[in-house]
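Peer 1: Below is one structure. I have some questions about it.
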Amino acid sequence: MLTVDFERLDIRPGYRILDIGCGSGRHTAAAVAFPGITAIGVDRSPPEVRQACQRLLYHQGLGLCRGRWQTLAADIGALPFRDACFDLVICAEVLEHTPEDRAAVAEIARVLKPGMNLVISVPRCYPEALCWALSRDYRCAKGGHLRIYRSGALRRLLAKAGLALWGRHWAHSLHTPYWWLKCLVGPNRAGAAAVNCYHRLLVWDLMQKPRLLRLLEWLLNPVLGKSLVFYLKKRPPCP
């Protein structure tokens with residue numbers, strides 16, 4: 001389940017791509033499918049890093065990795081890389097978990113080359129706000145979401161770090177009702193029939209990609225999309 005639209009990005013051989021908060025490695029694996037690139041997935045959780053490594057090894061065994069890759073444990077607030085060393089940075093569904101989001105954005109901008117692209121996604125404001133309203137357990141979950149971003153506020157935060165917005169879209173509209181339903185019955189409740197049925201539908205959609213559901217999600221994304229996705233470029237330094 002990809003949040004980033006890689007077709008919007010002009011990825012070329014020789015690029016170094018950083019996936020911050022890579023989790024199980026979904027975007028790292030998609031990036032390493034491009035020939036001649038180096039993709040690095042980082043996450044603060046060692047178990048997530050191991051899971052990403054396993055996914056990438058699986059993709060490699062299938063012959064799907066056309067570039068080089070690496071995974072390591074690192075925190076977004078102190079990335080172990082030199083200044084301006086990446087041609088593309090991806091940060092999907094991470095900032096809402098980060099206590100010091102301004103410092104994190106500054107660190108992202110530091111490692112990105114001037115004139116190159118950054119993709120950031122966060123939960124969209126109103127679907128997330130309804131989840132918070134429906135469930136205190138969701139709102140207060142350990143390691144969960146610390147804040148809700150409005151589009152304009154996020155854009156201003158990124159602009160202060162020298163990152164200029166050039167594109168946006170919304171993603172995962174079919175997942176929004178699932179999370180509303182899950183919050184309504186209790187996010188930690190197992191065995192809720194409606195939630196389990198909806199989950200099976202999402203898994204089937206993910207694996208089979210039926211055209212009707214793909215079209216439906218595309219049509220609903222501007223209205224119900226759960227994720228807001230920003231495409232930005234790092235401004236060159238002033239002469």
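Just so we're on the same page: first chain in the structure tokens is A, next is B, and so on; residues restart at 1 for each chain, and ligands are numbered from 1 in the order they show up.
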List the spatial neighbours of Ala109 of chain A as a PyMOL selection string - criterion: any atom at most 12 Å away, only C-alpha atoms, same-chain residues fewer than 6 positions off excluded.
Peer 2: chain A and resi 18+76-77+79+81-91+102-103+115-120+157-164+232-237
Peer 1: Please give the complete set of residues from segment 165-218 of chain A that DSSP, run on the backbone, assigns to strand (DSSP E), formatted as a PDB file with all heavy atoms, in the first residue's frame.
Peer 2:
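Now in states-v1.pdb:
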ATOM      1  N   LEU A 165       6.476  23.902  -1.734  1.00  0.00           N
ATOM      2  CA  LEU A 165       5.464  22.958  -2.201  1.00  0.00           C
ATOM      3  C   LEU A 165       5.243  23.112  -3.702  1.00  0.00           C
ATOM      4  O   LEU A 165       5.046  24.219  -4.198  1.00  0.00           O
ATOM      5  CB  LEU A 165       4.156  23.206  -1.449  1.00  0.00           C
ATOM      6  CG  LEU A 165       2.989  22.277  -1.760  1.00  0.00           C
ATOM      7  CD1 LEU A 165       3.248  20.895  -1.208  1.00  0.00           C
ATOM      8  CD2 LEU A 165       1.695  22.847  -1.175  1.00  0.00           C
ATOM      9  N   TRP A 166       5.254  21.971  -4.418  1.00  0.00           N
ATOM     10  CA  TRP A 166       4.938  22.025  -5.851  1.00  0.00           C
ATOM     11  C   TRP A 166       3.818  21.066  -6.262  1.00  0.00           C
ATOM     12  O   TRP A 166       3.339  21.119  -7.399  1.00  0.00           O
ATOM     13  CB  TRP A 166       6.185  21.769  -6.700  1.00  0.00           C
ATOM     14  CG  TRP A 166       6.862  20.433  -6.525  1.00  0.00           C
ATOM     15  CD1 TRP A 166       7.963  20.178  -5.757  1.00  0.00           C
ATOM     16  CD2 TRP A 166       6.528  19.184  -7.153  1.00  0.00           C
ATOM     17  NE1 TRP A 166       8.320  18.849  -5.845  1.00  0.00           N
ATOM     18  CE2 TRP A 166       7.459  18.213  -6.702  1.00  0.00           C
ATOM     19  CE3 TRP A 166       5.541  18.786  -8.038  1.00  0.00           C
ATOM     20  CZ2 TRP A 166       7.425  16.880  -7.111  1.00  0.00           C
ATOM     21  CZ3 TRP A 166       5.491  17.453  -8.448  1.00  0.00           C
ATOM     22  CH2 TRP A 166       6.425  16.529  -7.992  1.00  0.00           C
ATOM     23  N   GLY A 167       3.386  20.221  -5.357  1.00  0.00           N
ATOM     24  CA  GLY A 167       2.301  19.312  -5.695  1.00  0.00           C
ATOM     25  C   GLY A 167       1.716  18.684  -4.446  1.00  0.00           C
ATOM     26  O   GLY A 167       2.343  18.677  -3.377  1.00  0.00           O
ATOM     27  N   ARG A 168       0.507  18.165  -4.594  1.00  0.00           N
ATOM     28  CA  ARG A 168      -0.147  17.478  -3.470  1.00  0.00           C
ATOM     29  C   ARG A 168      -1.197  16.520  -4.012  1.00  0.00           C
ATOM     30  O   ARG A 168      -1.679  16.666  -5.136  1.00  0.00           O
ATOM     31  CB  ARG A 168      -0.793  18.471  -2.505  1.00  0.00           C
ATOM     32  CG  ARG A 168      -2.112  19.031  -2.974  1.00  0.00           C
ATOM     33  CD  ARG A 168      -2.705  19.988  -1.963  1.00  0.00           C
ATOM     34  NE  ARG A 168      -2.014  21.263  -1.952  1.00  0.00           N
ATOM     35  CZ  ARG A 168      -2.177  22.201  -1.036  1.00  0.00           C
ATOM     36  NH1 ARG A 168      -2.994  21.987  -0.025  1.00  0.00           N
ATOM     37  NH2 ARG A 168      -1.539  23.336  -1.087  1.00  0.00           N
ATOM     38  N   HIS A 169      -1.549  15.548  -3.200  1.00  0.00           N
ATOM     39  CA  HIS A 169      -2.722  14.717  -3.465  1.00  0.00           C
ATOM     40  C   HIS A 169      -3.159  14.075  -2.164  1.00  0.00           C
ATOM     41  O   HIS A 169      -2.528  14.247  -1.116  1.00  0.00           O
ATOM     42  CB  HIS A 169      -2.438  13.672  -4.560  1.00  0.00           C
ATOM     43  CG  HIS A 169      -1.522  12.556  -4.156  1.00  0.00           C
ATOM     44  ND1 HIS A 169      -1.957  11.422  -3.528  1.00  0.00           N
ATOM     45  CD2 HIS A 169      -0.175  12.406  -4.293  1.00  0.00           C
ATOM     46  CE1 HIS A 169      -0.937  10.616  -3.299  1.00  0.00           C
ATOM     47  NE2 HIS A 169       0.161  11.194  -3.748  1.00  0.00           N
ATOM     48  N   TRP A 170      -4.277  13.357  -2.222  1.00  0.00           N
ATOM     49  CA  TRP A 170      -4.802  12.660  -1.054  1.00  0.00           C
ATOM     50  C   TRP A 170      -4.856  11.177  -1.380  1.00  0.00           C
ATOM     51  O   TRP A 170      -5.026  10.788  -2.545  1.00  0.00           O
ATOM     52  CB  TRP A 170      -6.187  13.183  -0.706  1.00  0.00           C
ATOM     53  CG  TRP A 170      -6.161  14.635  -0.341  1.00  0.00           C
ATOM     54  CD1 TRP A 170      -5.991  15.188   0.890  1.00  0.00           C
ATOM     55  CD2 TRP A 170      -6.317  15.741  -1.236  1.00  0.00           C
ATOM     56  NE1 TRP A 170      -6.018  16.552   0.829  1.00  0.00           N
ATOM     57  CE2 TRP A 170      -6.208  16.927  -0.484  1.00  0.00           C
ATOM     58  CE3 TRP A 170      -6.518  15.858  -2.623  1.00  0.00           C
ATOM     59  CZ2 TRP A 170      -6.310  18.194  -1.036  1.00  0.00           C
ATOM     60  CZ3 TRP A 170      -6.619  17.122  -3.191  1.00  0.00           C
ATOM     61  CH2 TRP A 170      -6.519  18.267  -2.399  1.00  0.00           C
ATOM     62  N   ALA A 171      -4.722  10.337  -0.362  1.00  0.00           N
ATOM     63  CA  ALA A 171      -4.609   8.897  -0.606  1.00  0.00           C
ATOM     64  C   ALA A 171      -5.415   8.114   0.423  1.00  0.00           C
ATOM     65  O   ALA A 171      -5.707   8.593   1.519  1.00  0.00           O
ATOM     66  CB  ALA A 171      -3.143   8.464  -0.561  1.00  0.00           C
TER      67      ALA A 171
END
Peer 1: Take atom CA of Ile40 of chain A and atom CA of Gln70 of chain A and report the distance between them in Å, one decimal.
Peer 2: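 Going from atom CA of Ile40 of chain A over to atom CA of Gln70 of chain A covers 4.8 Å.
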Peer 1: Counting only C-alpha atoms, which residues of segment 152-235 of chain A sit at most 8 Å from some atom of segment 132-138 of chain A, and what is each one's closest atom pair with its distance in Å to one decimal, listed by chain and rising residue number, as a Markdown table?
Peer 2:
| residue | atom | partner | partner_atom | distance |
| --- | --- | --- | --- | --- |
| A:Trp180 | CA | A:Leu134 | CA | 7.5 |
| A:Cys183 | CA | A:Ser135 | CA | 5.2 |
| A:Leu184 | CA | A:Leu134 | CA | 5.7 |
| A:Gly186 | CA | A:Ser135 | CA | 6.8 |
| A:Pro187 | CA | A:Tyr138 | CA | 6.3 |
| A:Asn188 | CA | A:Asp137 | CA | 7.9 |
Peer 1: Those selected residues, please, written with C-alpha atoms and delivered as a compact mmCIF listing (two decimals), in the first residue's frame.
Peer 2:
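In the end it all went to out.txt:
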# COMPACT_ATOMS: atom_id res chain seq x y z
CA TRP A 180 -13.94 5.49 11.76
CA CYS A 183 -12.72 3.85 16.52
CA LEU A 184 -16.50 3.62 16.96
CA GLY A 186 -13.06 0.51 20.08
CA PRO A 187 -9.65 0.46 18.37
CA ASN A 188 -8.35 -2.32 20.62
Peer 1: Just list as a list in words whatever in segment 15-107 of chain A DSSP marks as alpha helix (DSSP H).
Peer 2: Arg26, His27, Thr28, Ala29, Ala30, Ala31, Pro46, Pro47, Glu48, Val49, Arg50, Gln51, Ala52, Cys53, Gln54, Arg55, Leu56, Leu57, Tyr58, His59, Gln60, Gly61, Asp101, Arg102, Ala103, Ala104, Val105, Ala106 and Glu107 of chain A
Peer 1: Those same residues, written as an mmCIF file, in the first residue's frame with N, CA and C atoms?
Peer 2:
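What landed in again-v2.cif:
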data_model
loop_
_atom_site.group_PDB
_atom_site.id
_atom_site.type_symbol
_atom_site.label_atom_id
_atom_site.label_comp_id
_atom_site.auth_asym_id
_atom_site.auth_seq_id
_atom_site.Cartn_x
_atom_site.Cartn_y
_atom_site.Cartn_z
ATOM 1 N N ARG A 26 7.772 -0.538 2.856
ATOM 2 C CA ARG A 26 6.971 -0.508 1.632
ATOM 3 C C ARG A 26 7.498 0.502 0.622
ATOM 4 N N HIS A 27 7.867 1.709 1.084
ATOM 5 C CA HIS A 27 8.368 2.702 0.141
ATOM 6 C C HIS A 27 9.829 2.463 -0.225
ATOM 7 N N THR A 28 10.609 1.913 0.695
ATOM 8 C CA THR A 28 11.989 1.564 0.363
ATOM 9 C C THR A 28 12.012 0.517 -0.741
ATOM 10 N N ALA A 29 11.140 -0.482 -0.621
ATOM 11 C CA ALA A 29 11.074 -1.536 -1.638
ATOM 12 C C ALA A 29 10.623 -0.985 -2.981
ATOM 13 N N ALA A 30 9.679 -0.035 -2.969
ATOM 14 C CA ALA A 30 9.233 0.574 -4.228
ATOM 15 C C ALA A 30 10.345 1.404 -4.848
ATOM 16 N N ALA A 31 11.138 2.088 -4.016
ATOM 17 C CA ALA A 31 12.217 2.920 -4.543
ATOM 18 C C ALA A 31 13.324 2.087 -5.170
ATOM 19 N N PRO A 46 14.035 -0.951 16.035
ATOM 20 C CA PRO A 46 14.786 -2.073 15.472
ATOM 21 C C PRO A 46 13.908 -3.198 14.920
ATOM 22 N N PRO A 47 12.784 -3.565 15.579
ATOM 23 C CA PRO A 47 11.928 -4.594 14.966
ATOM 24 C C PRO A 47 11.394 -4.184 13.599
ATOM 25 N N GLU A 48 11.035 -2.916 13.428
ATOM 26 C CA GLU A 48 10.571 -2.443 12.128
ATOM 27 C C GLU A 48 11.693 -2.506 11.104
ATOM 28 N N VAL A 49 12.904 -2.166 11.518
ATOM 29 C CA VAL A 49 14.055 -2.232 10.607
ATOM 30 C C VAL A 49 14.279 -3.672 10.153
ATOM 31 N N ARG A 50 14.166 -4.619 11.075
ATOM 32 C CA ARG A 50 14.333 -6.029 10.701
ATOM 33 C C ARG A 50 13.243 -6.469 9.725
ATOM 34 N N GLN A 51 12.020 -5.999 9.958
ATOM 35 C CA GLN A 51 10.921 -6.348 9.059
ATOM 36 C C GLN A 51 11.153 -5.768 7.666
ATOM 37 N N ALA A 52 11.644 -4.531 7.613
ATOM 38 C CA ALA A 52 11.956 -3.924 6.318
ATOM 39 C C ALA A 52 13.055 -4.694 5.603
ATOM 40 N N CYS A 53 14.055 -5.115 6.353
ATOM 41 C CA CYS A 53 15.152 -5.902 5.767
ATOM 42 C C CYS A 53 14.621 -7.211 5.185
ATOM 43 N N GLN A 54 13.733 -7.870 5.910
ATOM 44 C CA GLN A 54 13.151 -9.121 5.422
ATOM 45 C C GLN A 54 12.342 -8.892 4.138
ATOM 46 N N ARG A 55 11.589 -7.791 4.107
ATOM 47 C CA ARG A 55 10.814 -7.481 2.900
ATOM 48 C C ARG A 55 11.750 -7.259 1.707
ATOM 49 N N LEU A 56 12.813 -6.511 1.932
ATOM 50 C CA LEU A 56 13.737 -6.198 0.844
ATOM 51 C C LEU A 56 14.487 -7.442 0.373
ATOM 52 N N LEU A 57 14.834 -8.313 1.303
ATOM 53 C CA LEU A 57 15.466 -9.570 0.903
ATOM 54 C C LEU A 57 14.504 -10.419 0.071
ATOM 55 N N TYR A 58 13.227 -10.395 0.448
ATOM 56 C CA TYR A 58 12.222 -11.129 -0.320
ATOM 57 C C TYR A 58 12.102 -10.554 -1.732
ATOM 58 N N HIS A 59 12.031 -9.248 -1.831
ATOM 59 C CA HIS A 59 11.962 -8.602 -3.144
ATOM 60 C C HIS A 59 13.219 -8.898 -3.965
ATOM 61 N N GLN A 60 14.348 -8.904 -3.271
ATOM 62 C CA GLN A 60 15.604 -9.198 -3.956
ATOM 63 C C GLN A 60 15.597 -10.619 -4.510
ATOM 64 N N GLY A 61 15.070 -11.549 -3.730
ATOM 65 C CA GLY A 61 14.979 -12.935 -4.188
ATOM 66 C C GLY A 61 14.077 -13.101 -5.398
ATOM 67 N N ASP A 101 8.539 18.247 15.981
ATOM 68 C CA ASP A 101 8.393 18.177 14.530
ATOM 69 C C ASP A 101 9.199 19.253 13.809
ATOM 70 N N ARG A 102 9.397 20.411 14.420
ATOM 71 C CA ARG A 102 10.200 21.461 13.771
ATOM 72 C C ARG A 102 11.649 21.025 13.620
ATOM 73 N N ALA A 103 12.187 20.429 14.672
ATOM 74 C CA ALA A 103 13.565 19.934 14.600
ATOM 75 C C ALA A 103 13.670 18.805 13.579
ATOM 76 N N ALA A 104 12.632 17.961 13.498
ATOM 77 C CA ALA A 104 12.642 16.869 12.537
ATOM 78 C C ALA A 104 12.639 17.393 11.105
ATOM 79 N N VAL A 105 11.811 18.402 10.835
ATOM 80 C CA VAL A 105 11.766 18.983 9.486
ATOM 81 C C VAL A 105 13.110 19.624 9.141
ATOM 82 N N ALA A 106 13.728 20.296 10.096
ATOM 83 C CA ALA A 106 15.049 20.892 9.855
ATOM 84 C C ALA A 106 16.080 19.821 9.526
ATOM 85 N N GLU A 107 15.993 18.686 10.185
ATOM 86 C CA GLU A 107 16.930 17.590 9.936
ATOM 87 C C GLU A 107 16.694 16.975 8.558
#
Peer 1: So the first atom is atom CA of Gly67 of chain A and the second is atom CA of Tyr15 of chain A; what is the distance between them in Å, to one decimal place?
Peer 2: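 Value for the atom CA of Gly67 of chain A-atom CA of Tyr15 of chain A distance: 9.7 Å.
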Peer 1: Excluding same-chain residues fewer than 6 positions from Pro99 of chain A, what lies within 10 Å of it counting only C-alpha atoms, as a list of chain:residue names?
Peer 2: A:Gly77, A:His145, A:Leu146, A:Arg147
Peer 1: Please write the residues from the selection above to a file, keeping C-alpha atoms, as a PDB file, in the first residue's frame.
Peer 2:
ATOM      1  CA  GLY A  77      15.850  14.068  15.007  1.00  0.00           C
ATOM      2  CA  HIS A 145      -0.513  10.512  16.866  1.00  0.00           C
ATOM      3  CA  LEU A 146       0.545  13.565  18.854  1.00  0.00           C
ATOM      4  CA  ARG A 147      -1.111  16.230  16.729  1.00  0.00           C
TER       5      ARG A 147
END
